[in-house]
file data.pdb (PDB, C-alpha atoms and all ligand atoms)
ATOM      1  CA  MET A   1     104.061 101.975  79.667  1.00  0.00           C
ATOM      2  CA  VAL A   2     106.371 103.697  82.112  1.00  0.00           C
ATOM      3  CA  PRO A   3     105.431 107.266  82.954  1.00  0.00           C
ATOM      4  CA  ARG A   4     108.339 109.613  82.563  1.00  0.00           C
ATOM      5  CA  ARG A   5     109.374 111.784  85.416  1.00  0.00           C
ATOM      6  CA  GLN A   6     110.864 115.162  84.852  1.00  0.00           C
ATOM      7  CA  PHE A   7     113.874 115.509  87.065  1.00  0.00           C
ATOM      8  CA  ASP A   8     115.340 118.504  85.334  1.00  0.00           C
ATOM      9  CA  SER A   9     112.921 120.959  86.827  1.00  0.00           C
ATOM     10  CA  LEU A  10     113.158 119.562  90.332  1.00  0.00           C
ATOM     11  CA  GLU A  11     115.571 120.699  92.955  1.00  0.00           C
ATOM     12  CA  VAL A  12     117.988 118.260  94.483  1.00  0.00           C
ATOM     13  CA  SER A  13     116.104 116.108  96.933  1.00  0.00           C
ATOM     14  CA  LEU A  14     118.477 113.171  97.302  1.00  0.00           C
ATOM     15  CA  LEU A  15     122.126 113.528  98.235  1.00  0.00           C
ATOM     16  CA  LEU A  16     124.802 111.115  99.280  1.00  0.00           C
ATOM     17  CA  CYS A  17     125.092 111.385 103.033  1.00  0.00           C
ATOM     18  CA  PRO A  18     128.649 110.942 104.344  1.00  0.00           C
ATOM     19  CA  ARG A  19     127.352 109.427 107.556  1.00  0.00           C
ATOM     20  CA  CYS A  20     124.619 107.145 106.245  1.00  0.00           C
ATOM     21  CA  ARG A  21     126.763 106.304 103.197  1.00  0.00           C
ATOM     22  CA  VAL A  22     123.691 106.190 100.994  1.00  0.00           C
ATOM     23  CA  ALA A  23     121.651 108.782  99.161  1.00  0.00           C
ATOM     24  CA  GLN A  24     119.154 110.286 101.551  1.00  0.00           C
ATOM     25  CA  PRO A  25     116.363 112.791 101.236  1.00  0.00           C
ATOM     26  CA  VAL A  26     117.655 116.159 102.342  1.00  0.00           C
ATOM     27  CA  ARG A  27     116.232 119.329 103.752  1.00  0.00           C
ATOM     28  CA  LYS A  28     117.278 122.658 102.369  1.00  0.00           C
ATOM     29  CA  ARG A  29     118.205 125.280 104.914  1.00  0.00           C
ATOM     30  CA  LEU A  30     119.144 128.890 104.400  1.00  0.00           C
ATOM     31  CA  LEU A  31     122.603 129.395 105.820  1.00  0.00           C
ATOM     32  CA  LEU A  32     123.874 132.796 104.733  1.00  0.00           C
ATOM     33  CA  CYS A  33     122.863 135.741 102.634  1.00  0.00           C
ATOM     34  CA  LEU A  34     125.782 136.667 100.415  1.00  0.00           C
ATOM     35  CA  PRO A  35     126.113 139.455  97.857  1.00  0.00           C
ATOM     36  CA  GLU A  36     126.203 136.869  95.076  1.00  0.00           C
ATOM     37  CA  GLY A  37     123.215 134.989  96.391  1.00  0.00           C
ATOM     38  CA  ASP A  38     121.790 133.011  99.257  1.00  0.00           C
ATOM     39  CA  LYS A  39     123.809 130.112 100.545  1.00  0.00           C
ATOM     40  CA  TYR A  40     121.834 127.016 101.418  1.00  0.00           C
ATOM     41  CA  GLU A  41     122.947 123.838 103.039  1.00  0.00           C
ATOM     42  CA  TYR A  42     121.404 120.432 102.619  1.00  0.00           C
ATOM     43  CA  LEU A  43     120.811 118.387 105.723  1.00  0.00           C
ATOM     44  CA  CYS A  44     120.191 114.652 105.800  1.00  0.00           C
ATOM     45  CA  THR A  45     116.688 114.013 107.095  1.00  0.00           C
ATOM     46  CA  GLN A  46     117.846 110.807 108.761  1.00  0.00           C
ATOM     47  CA  CYS A  47     120.884 111.863 110.769  1.00  0.00           C
ATOM     48  CA  GLY A  48     121.058 115.630 110.311  1.00  0.00           C
ATOM     49  CA  SER A  49     124.507 115.670 108.736  1.00  0.00           C
ATOM     50  CA  THR A  50     125.372 118.282 106.170  1.00  0.00           C
ATOM     51  CA  CYS A  51     125.327 116.633 102.750  1.00  0.00           C
ATOM     52  CA  GLY A  52     126.283 119.657 100.717  1.00  0.00           C
ATOM     53  CA  ASP A  53     125.709 123.309 100.097  1.00  0.00           C
ATOM     54  CA  LYS A  54     124.784 125.564  97.259  1.00  0.00           C
ATOM     55  CA  ILE A  55     124.696 129.252  96.446  1.00  0.00           C
ATOM     56  CA  GLU A  56     121.537 130.338  94.741  1.00  0.00           C
ATOM     57  CA  GLU A  57     121.526 133.534  92.799  1.00  0.00           C
ATOM     58  CA  PRO A  58     118.785 135.872  93.910  1.00  0.00           C
ATOM     59  CA  PRO A  59     115.928 136.432  91.503  1.00  0.00           C
ATOM     60  CA  ARG A  60     116.257 139.674  89.653  1.00  0.00           C
ATOM     61  CA  ALA A  61     113.977 142.306  90.993  1.00  0.00           C
ATOM     62  CA  ALA A  62     111.563 143.414  88.351  1.00  0.00           C
ATOM     63  CA  GLY A  63     111.780 147.054  87.514  1.00  0.00           C
ATOM     64  CA  SER A  64     115.203 147.703  89.017  1.00  0.00           C
ATOM     65  CA  VAL A  65     117.783 148.232  86.321  1.00  0.00           C
ATOM     66  CA  LEU A  66     121.380 148.999  87.113  1.00  0.00           C
ATOM     67  CA  ARG A  67     123.091 151.393  84.753  1.00  0.00           C
TER      68      ARG A  67
HETATM   69 ZN    ZN B 101     122.560 110.805 107.018  1.00  0.00          ZN
END
call {"tool": "encode", "arguments": {"input": "data.pdb", "output": "structure tokens"}}
result
Amino acid sequence: MVPRRQFDSLEVSLLLCPRCRVAQPVRKRLLLCLPEGDKYEYLCTQCGSTCGDKIEEPPRAAGSVLR
């Protein structure tokens, strides 16, 4: 019996590092706050290279409705 892992709900934790040339565990770092969301970059935990970036939409504030 092989236990199933749920990857869908997890954030990206392994990315292909251009320097190491293999998938490495990455650290997420907040880079910029943009109107459309916060921009994060992913840094290789082995060599510190940037492996990618991502813009995350901010969570909607409860109770504030734009009309
Ligand atoms: Zn690396």
call {"tool": "atom_distance", "arguments": {"input": "data.pdb", "atom1": "CA of Cys51 in chain A", "atom2": "CA of Cys33 in chain A"}}
result
19.3 Å
call {"tool": "atom_distance", "arguments": {"input": "data.pdb", "atom1": "CA of Pro59 in chain A", "atom2": "CA of Cys17 in chain A"}}
result
29.1 Å
call {"tool": "atom_distance", "arguments": {"input": "data.pdb", "atom1": "CA of Pro18 in chain A", "atom2": "CA of Glu36 in chain A"}}
result
27.6 Å
call {"tool": "resolve_selection", "arguments": {"input": "data.pdb", "expression": "the PyMOL selection byres (((not hetatm)) within 9 of (chain B and resi 101))", "output": "VMD selection string"}}
result
chain A and resid 16 to 26 43 to 51
call {"tool": "resolve_selection", "arguments": {"input": "data.pdb", "expression": "the PyMOL selection byres (((chain A and resi 56) around 8) and not hetatm)", "output": "ChimeraX atom specification"}}
result
/A:37-40,54-55,57-58
call {"tool": "resolve_selection", "arguments": {"input": "data.pdb", "expression": "the PyMOL selection byres (((chain A and resi 41) around 6) and not hetatm)", "output": "list in words"}}
result
Lys28, Arg29, Tyr40, Tyr42, Gly52 and Asp53 of chain A
call {"tool": "write_last_selection", "arguments": {"input": "data.pdb", "atoms": "C-alpha atoms", "output": "short mmCIF file (atom, residue, chain, number, x, y, z; two decimals), keeping the file's coordinate frame"}}
result
data_model
loop_
_atom_site.label_atom_id
_atom_site.label_comp_id
_atom_site.auth_asym_id
_atom_site.auth_seq_id
_atom_site.Cartn_x
_atom_site.Cartn_y
_atom_site.Cartn_z
CA LYS A 28 117.28 122.66 102.37
CA ARG A 29 118.20 125.28 104.91
CA TYR A 40 121.83 127.02 101.42
CA TYR A 42 121.40 120.43 102.62
CA GLY A 52 126.28 119.66 100.72
CA ASP A 53 125.71 123.31 100.10
#
